[in-house]
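Data block for run.cif (mmCIF, C-alpha atoms):
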```cif
data_upload
loop_
_atom_site.label_atom_id
_atom_site.label_comp_id
_atom_site.auth_asym_id
_atom_site.auth_seq_id
_atom_site.Cartn_x
_atom_site.Cartn_y
_atom_site.Cartn_z
CA MET A 1 6.51 -10.71 20.09
CA THR A 2 9.46 -8.66 21.18
CA VAL A 3 9.37 -5.06 22.39
CA PRO A 4 10.82 -3.52 19.17
CA PHE A 5 8.24 -5.41 17.16
CA LEU A 6 5.41 -3.99 19.26
CA ILE A 7 6.80 -0.46 19.06
CA LEU A 8 7.13 -0.67 15.27
CA ALA A 9 3.64 -2.11 14.99
CA ALA A 10 2.29 0.76 17.10
CA ILE A 11 4.07 3.32 14.86
CA THR A 12 2.70 1.64 11.75
CA LEU A 13 -0.87 1.50 12.99
CA ALA A 14 -0.80 5.04 14.41
CA GLY A 15 0.50 6.36 11.10
CA ALA A 16 -2.18 4.47 9.19
CA VAL A 17 -4.97 5.76 11.42
CA ALA A 18 -3.63 9.31 11.15
CA ALA A 19 -3.36 9.00 7.36
CA MET A 20 -7.00 7.99 7.18
CA THR A 21 -8.47 10.47 9.66
CA LEU A 22 -6.56 13.75 9.37
CA ARG A 23 -8.25 16.64 7.61
CA LYS A 24 -5.46 18.15 5.52
CA LEU A 25 -4.24 16.09 2.58
CA VAL A 26 -0.55 16.91 3.05
CA HIS A 27 -0.73 15.73 6.66
CA CYS A 28 -2.30 12.50 5.44
CA ALA A 29 0.55 11.93 2.99
CA LEU A 30 3.17 12.55 5.69
CA ALA A 31 1.36 10.20 8.09
CA LEU A 32 1.38 7.60 5.32
CA ALA A 33 5.16 8.04 5.10
CA VAL A 34 5.44 7.41 8.87
CA SER A 35 3.32 4.28 8.54
CA LEU A 36 5.40 2.95 5.63
CA VAL A 37 8.66 3.58 7.50
CA GLY A 38 7.25 1.63 10.46
CA LEU A 39 6.33 -1.18 8.10
CA ALA A 40 9.87 -1.20 6.70
CA GLY A 41 11.10 -1.51 10.29
CA LEU A 42 8.76 -4.47 10.76
CA TYR A 43 10.24 -6.13 7.66
CA LEU A 44 13.75 -5.57 9.01
CA ASP A 45 12.69 -6.96 12.39
CA LEU A 46 11.29 -10.06 10.68
CA GLY A 47 14.58 -10.69 8.91
CA ALA A 48 13.78 -9.50 5.39
CA GLN A 49 16.42 -6.80 4.94
CA PHE A 50 16.12 -6.43 1.19
CA VAL A 51 12.35 -6.03 1.35
CA GLY A 52 12.65 -3.43 4.11
CA LEU A 53 15.16 -1.36 2.17
CA ALA A 54 13.14 -1.70 -1.04
CA GLN A 55 10.10 -0.55 0.94
CA VAL A 56 11.93 2.61 2.03
CA LEU A 57 13.25 3.25 -1.48
CA VAL A 58 10.08 2.60 -3.42
CA TYR A 59 7.32 3.64 -1.05
CA VAL A 60 8.78 6.41 1.06
CA GLY A 61 11.08 7.61 -1.68
CA ALA A 62 8.82 7.41 -4.69
CA VAL A 63 5.15 6.72 -3.97
CA VAL A 64 4.73 9.25 -1.15
CA ILE A 65 6.54 11.91 -3.17
CA LEU A 66 4.27 11.11 -6.10
CA ILE A 67 1.23 11.49 -3.83
CA VAL A 68 2.53 14.82 -2.52
CA PHE A 69 3.02 16.04 -6.08
CA ALA A 70 -0.51 14.96 -6.97
CA ILE A 71 -1.85 16.83 -3.92
CA LEU A 72 0.05 19.97 -4.88
CA LEU A 73 -1.12 19.76 -8.50
CA THR A 74 -4.79 19.19 -7.68
CA ARG A 75 -5.30 21.27 -4.49
CA GLY A 76 -8.23 19.07 -3.60
CA ASP A 77 -8.94 19.57 0.09
CA GLU A 78 -12.07 17.84 1.27
CA PRO A 79 -15.09 20.03 1.89
CA PRO A 80 -15.54 20.71 5.59
CA SER A 81 -18.81 18.88 6.05
CA PRO A 82 -18.53 15.22 5.07
CA ARG A 83 -21.63 13.11 5.25
CA VAL A 84 -21.67 11.32 8.58
CA GLY A 85 -23.60 8.29 7.36
CA ARG A 86 -20.99 7.41 4.81
CA ALA A 87 -18.17 7.57 7.37
CA ILE A 88 -20.13 5.46 9.85
CA SER A 89 -20.93 2.83 7.23
CA GLY A 90 -17.29 2.66 6.17
CA VAL A 91 -16.11 2.22 9.76
CA VAL A 92 -18.75 -0.44 10.44
CA ILE A 93 -17.82 -2.40 7.32
CA SER A 94 -14.11 -2.28 8.11
CA ALA A 95 -14.81 -3.33 11.73
CA CYS A 96 -16.81 -6.32 10.48
CA VAL A 97 -14.00 -7.29 8.10
CA PHE A 98 -11.47 -7.04 10.91
CA ALA A 99 -13.67 -9.10 13.22
CA VAL A 100 -13.96 -11.89 10.65
CA LEU A 101 -10.22 -11.82 9.93
CA ALA A 102 -9.29 -11.83 13.61
CA TRP A 103 -11.70 -14.71 14.31
CA ALA A 104 -10.17 -16.71 11.46
CA ILE A 105 -6.62 -15.96 12.62
CA VAL A 106 -7.19 -16.73 16.30
CA SER A 107 -9.28 -19.84 15.78
CA GLY A 108 -7.26 -21.12 12.85
CA GLY A 109 -4.40 -22.46 14.93
CA ALA A 110 -1.58 -21.35 12.64
CA ALA A 111 1.06 -24.01 12.21
CA GLN A 112 4.33 -22.98 13.75
CA GLY A 113 7.18 -23.88 11.43
CA ALA A 114 10.87 -23.28 11.90
CA SER A 115 11.23 -21.04 14.93
CA ALA A 116 14.55 -19.43 14.07
CA PRO A 117 15.26 -19.50 10.34
CA SER A 118 18.33 -17.92 8.88
CA LEU A 119 18.02 -14.46 7.39
CA ALA A 120 17.57 -14.04 3.67
CA PRO A 121 20.93 -13.04 2.21
CA ILE A 122 20.68 -10.57 -0.64
CA SER A 123 22.93 -12.75 -2.82
CA ASP A 124 20.43 -15.61 -2.50
CA ILE A 125 17.64 -13.27 -3.54
CA GLY A 126 19.68 -12.21 -6.56
CA HIS A 127 20.40 -15.81 -7.53
CA ALA A 128 16.71 -16.74 -7.19
CA MET A 129 15.67 -13.69 -9.22
CA MET A 130 18.11 -14.46 -12.02
CA GLY A 131 17.37 -18.18 -11.95
CA ARG A 132 13.99 -19.49 -11.03
CA TYR A 133 12.10 -16.19 -11.15
CA ILE A 134 13.58 -14.78 -14.35
CA LEU A 135 10.29 -14.82 -16.24
CA PRO A 136 8.32 -12.88 -13.57
CA LEU A 137 11.20 -10.40 -13.42
CA GLU A 138 10.97 -9.75 -17.16
CA VAL A 139 7.18 -9.47 -16.94
CA VAL A 140 7.48 -6.93 -14.13
CA GLY A 141 9.94 -4.94 -16.22
CA LEU A 142 7.48 -4.93 -19.11
CA LEU A 143 4.65 -3.93 -16.75
CA LEU A 144 6.66 -1.02 -15.33
CA THR A 145 7.49 0.22 -18.82
CA ALA A 146 3.84 0.00 -19.84
CA ALA A 147 2.75 1.80 -16.65
CA LEU A 148 5.31 4.56 -17.26
CA ILE A 149 4.12 5.15 -20.81
CA GLY A 150 0.47 4.82 -19.78
CA ALA A 151 0.81 7.32 -16.93
CA VAL A 152 2.43 9.88 -19.22
CA VAL A 153 -0.22 9.38 -21.90
CA ILE A 154 -3.11 9.66 -19.42
CA ALA A 155 -1.70 12.73 -17.70
CA MET A 156 -1.08 14.67 -20.93
CA GLU A 157 -4.28 13.66 -22.68
CA GLU A 158 -5.82 17.11 -22.46
CA LYS A 159 -2.85 18.82 -24.05
CA ARG A 160 -2.88 16.37 -26.94
CA ARG A 161 -6.54 16.98 -27.59
CA THR A 162 -6.17 20.76 -27.87
CA LYS A 163 -3.59 20.52 -30.64
CA MET B 1 -0.02 -15.69 21.31
CA THR B 2 2.51 -16.89 18.79
CA PRO B 3 4.52 -14.37 16.76
CA LEU B 4 2.78 -15.43 13.57
CA THR B 5 -0.62 -14.69 15.12
CA GLY B 6 0.62 -11.27 16.21
CA CYS B 7 1.87 -10.46 12.73
CA LEU B 8 -1.38 -11.58 11.16
CA LEU B 9 -3.46 -9.55 13.62
CA ILE B 10 -1.41 -6.41 12.94
CA SER B 11 -1.78 -7.00 9.23
CA ALA B 12 -5.54 -7.48 9.58
CA LEU B 13 -5.76 -4.25 11.60
CA LEU B 14 -3.79 -2.37 8.93
CA PHE B 15 -6.08 -3.80 6.25
CA ALA B 16 -9.18 -2.74 8.21
CA VAL B 17 -7.83 0.79 8.66
CA GLY B 18 -7.09 1.08 4.94
CA LEU B 19 -10.49 -0.33 4.01
CA GLY B 20 -12.33 2.01 6.37
CA GLY B 21 -10.47 5.00 4.97
CA ALA B 22 -11.01 3.99 1.36
CA LEU B 23 -14.73 3.51 1.99
CA SER B 24 -15.42 6.59 4.08
CA ARG B 25 -13.24 9.36 2.65
CA ARG B 26 -14.35 11.28 -0.40
CA CYS B 27 -11.09 12.63 -1.78
CA ALA B 28 -9.72 10.42 -4.55
CA ILE B 29 -6.13 10.73 -3.32
CA LEU B 30 -7.13 9.51 0.14
CA VAL B 31 -8.90 6.53 -1.39
CA LEU B 32 -5.65 5.73 -3.21
CA ILE B 33 -3.74 6.01 0.10
CA GLY B 34 -6.19 3.55 1.66
CA ILE B 35 -5.61 1.11 -1.20
CA GLU B 36 -1.85 1.44 -0.68
CA LEU B 37 -2.31 0.59 3.01
CA MET B 38 -4.32 -2.52 2.12
CA LEU B 39 -1.59 -3.62 -0.30
CA ASN B 40 1.02 -3.16 2.41
CA ALA B 41 -1.05 -5.26 4.81
CA ALA B 42 -0.98 -8.07 2.25
CA ASN B 43 2.80 -7.68 1.92
CA LEU B 44 3.19 -7.98 5.69
CA ASN B 45 1.20 -11.21 5.53
CA PHE B 46 3.55 -12.59 2.90
CA ILE B 47 6.61 -11.74 4.98
CA ALA B 48 5.08 -13.21 8.15
CA PHE B 49 4.19 -16.50 6.46
CA TRP B 50 7.65 -16.65 4.89
CA ARG B 51 9.36 -16.00 8.21
CA TYR B 52 7.34 -18.46 10.30
CA GLY B 53 6.41 -20.93 7.58
CA PRO B 54 7.88 -24.38 6.99
CA HIS B 55 10.32 -23.53 4.16
CA PRO B 56 11.95 -20.13 4.73
CA GLU B 57 14.98 -21.06 2.62
CA ALA B 58 12.84 -21.11 -0.54
CA LEU B 59 12.51 -17.26 -0.41
CA THR B 60 9.06 -17.44 -2.00
CA GLY B 61 7.48 -14.82 0.23
CA VAL B 62 10.34 -12.36 -0.16
CA LEU B 63 10.30 -12.54 -3.94
CA PHE B 64 6.52 -12.28 -4.01
CA VAL B 65 6.70 -9.11 -1.91
CA ILE B 66 9.37 -7.63 -4.18
CA PHE B 67 7.19 -8.16 -7.24
CA SER B 68 4.18 -6.88 -5.32
CA ILE B 69 6.03 -3.66 -4.43
CA ALA B 70 6.91 -3.14 -8.11
CA ILE B 71 3.29 -3.65 -9.13
CA ALA B 72 2.09 -1.30 -6.37
CA ALA B 73 4.44 1.39 -7.65
CA ALA B 74 3.03 1.00 -11.16
CA GLU B 75 -0.49 1.13 -9.74
CA ALA B 76 0.23 4.33 -7.81
CA ALA B 77 1.70 6.01 -10.90
CA VAL B 78 -1.25 5.13 -13.12
CA GLY B 79 -3.79 5.93 -10.38
CA LEU B 80 -2.36 9.37 -9.71
CA ALA B 81 -2.22 10.10 -13.46
CA LEU B 82 -5.90 9.15 -13.65
CA ILE B 83 -6.70 11.41 -10.70
CA MET B 84 -4.93 14.31 -12.40
CA ALA B 85 -6.79 13.65 -15.66
CA VAL B 86 -10.10 13.61 -13.73
CA TYR B 87 -9.13 16.82 -11.93
CA ARG B 88 -8.34 18.53 -15.20
CA HIS B 89 -11.71 17.46 -16.56
CA ALA B 90 -13.98 17.96 -13.54
CA LYS B 91 -11.93 20.58 -11.60
CA THR B 92 -12.30 18.55 -8.40
CA THR B 93 -11.06 15.33 -6.81
CA ASP B 94 -14.18 14.93 -4.67
CA LEU B 95 -15.48 11.51 -5.65
CA SER B 96 -19.10 12.30 -4.80
CA ARG B 97 -19.08 15.10 -7.35
CA VAL B 98 -17.38 13.12 -10.11
CA ASP B 99 -20.51 11.28 -11.17
CA SER B 100 -20.78 12.02 -14.87
CA MET B 101 -19.27 10.08 -17.74
CA LYS B 102 -20.26 12.60 -20.41
CA GLY B 103 -17.21 13.82 -22.31
#
```
Translate the structure described by the file into structure tokens.
Amino acid sequence: MTVPFLILAAITLAGAVAAMTLRKLVHCALALAVSLVGLAGLYLDLGAQFVGLAQVLVYVGAVVILIVFAILLTRGDEPPSPRVGRAISGVVISACVFAVLAWAIVSGGAAQGASAPSLAPISDIGHAMMGRYILPLEVVGLLLTAALIGAVVIAMEEKRRTK
Amino acid sequence: MTPLTGCLLISALLFAVGLGGALSRRCAILVLIGIELMLNAANLNFIAFWRYGPHPEALTGVLFVIFSIAIAAAEAAVGLALIMAVYRHAKTTDLSRVDSMKG
């Protein structure tokens, strides 16, 4: 638990809380970007450079922009008077889930393995991806293609029906 | 407190924040943001167990997170397309008002 780790964790959690509590949708999306950048910093701090950079590229570069586009295209601000009971029940449920998880983590006595492992070189990741994990890589490629086509088809369904 | 415990606690807190938001907010886009936060908490767990686990040279956690990020991107694309289709149909993204399945 070093100081940079704690700072990055604080940024991540503050961004997440802001993304879930702010009123305006665009502010929520930008707070989500802050949280994801903090998470990428956590990955870098833990020694997974490739994952941290992929997190910045994919999440901050693509997913948040996609969310901002969806917000601009739908203009769906929440009505000003949300039901209080629903918010309270959501907070209570999430607090219970966190309590159970924290109890399991603290009382579990996690086994401490290698204290200072070497970092993951990107060439090793490439070799593993092209060797042992070649089938999951192909499946993910197929899944991304299917998701691309599916997203286009779903989003332009209305136009196709009016023809 | 060991570093692994700290990582797991932060991840659990992130998951709880995402879950609370996804359960209590009514806008569909915010529910999707909460789901993204929960996915990222799971990714942080993978990285923490890879980093402090017994066999870090196997790179299992890193590759799992890479595939998980790809799947999360696909999920976000399809989810936002669904939200836009629902908005075009119901003229709102308020989930408490999207309660009809009639075409």
Fill in: Contact residues (chain B, partner chain A, 6 Å, all atoms listed in the file) as a PyMOL selection string
chain B and resi 3+16+19-21+23-24+52-54+74+78+81+85+93
Item to complete: List, as a ChimeraX atom specification, every residue that the PyMOL selection byres ((chain B and resi 43) around 9) selects in the file provided.
Response: /B:11,38-42,44-48,61,64-66,68-69
Kindly save the residues from that selection, with C-alpha atoms included, as a PDB file, keeping the file's coordinate frame.
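This is the output file again14.pdb:
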```
ATOM      1  CA  SER B  11      -1.780  -7.000   9.230  1.00  0.00           C
ATOM      2  CA  MET B  38      -4.320  -2.520   2.120  1.00  0.00           C
ATOM      3  CA  LEU B  39      -1.590  -3.620  -0.300  1.00  0.00           C
ATOM      4  CA  ASN B  40       1.020  -3.160   2.410  1.00  0.00           C
ATOM      5  CA  ALA B  41      -1.050  -5.260   4.810  1.00  0.00           C
ATOM      6  CA  ALA B  42      -0.980  -8.070   2.250  1.00  0.00           C
ATOM      7  CA  LEU B  44       3.190  -7.980   5.690  1.00  0.00           C
ATOM      8  CA  ASN B  45       1.200 -11.210   5.530  1.00  0.00           C
ATOM      9  CA  PHE B  46       3.550 -12.590   2.900  1.00  0.00           C
ATOM     10  CA  ILE B  47       6.610 -11.740   4.980  1.00  0.00           C
ATOM     11  CA  ALA B  48       5.080 -13.210   8.150  1.00  0.00           C
ATOM     12  CA  GLY B  61       7.480 -14.820   0.230  1.00  0.00           C
ATOM     13  CA  PHE B  64       6.520 -12.280  -4.010  1.00  0.00           C
ATOM     14  CA  VAL B  65       6.700  -9.110  -1.910  1.00  0.00           C
ATOM     15  CA  ILE B  66       9.370  -7.630  -4.180  1.00  0.00           C
ATOM     16  CA  SER B  68       4.180  -6.880  -5.320  1.00  0.00           C
ATOM     17  CA  ILE B  69       6.030  -3.660  -4.430  1.00  0.00           C
TER      18      ILE B  69
END
```
Fill in: Top pick for closest residue to Asp45 in chain A, considering A:Leu30, A:Leu57, A:Leu72, A:Leu8 and counting only C-alpha atoms
A:Leu8
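Counting only C-alpha atoms and comparing B:Ile29, B:Cys7, B:Ala72, B:Val17, the residue that lies closest to Thr92 in chain B is B:Ile29.
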Practice prompt. Could you jot down the CA of Gly79 in chain B to CA of Glu36 in chain B separation for me, Å, one decimal place?
Written response: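 Interatomic distance, CA of Gly79 in chain B to CA of Glu36 in chain B: 10.9 Å.
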Discussion item. Residues near Leu95 in chain B, anyone? I mean within 7 Å using only C-alpha atoms, not counting same-chain ones fewer than 3 positions away, as JSON, numbers by chain.
Written reply: {"B": [26, 27, 28, 98]}
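Put simply, CA of Met1 in chain B is 25.2 Å away from CA of Val37 in chain A.
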Worksheet item: Separation of CA of Leu8 in chain B and CA of Gly41 in chain A, in Å?
Response: 16.1 Å
Item to complete: Measuring atom to atom with all atoms listed in the file, identify which of A:Arg23, A:Gly131, A:Leu142, A:Ser107 is nearest to Arg25 in chain B.
Response: A:Arg23
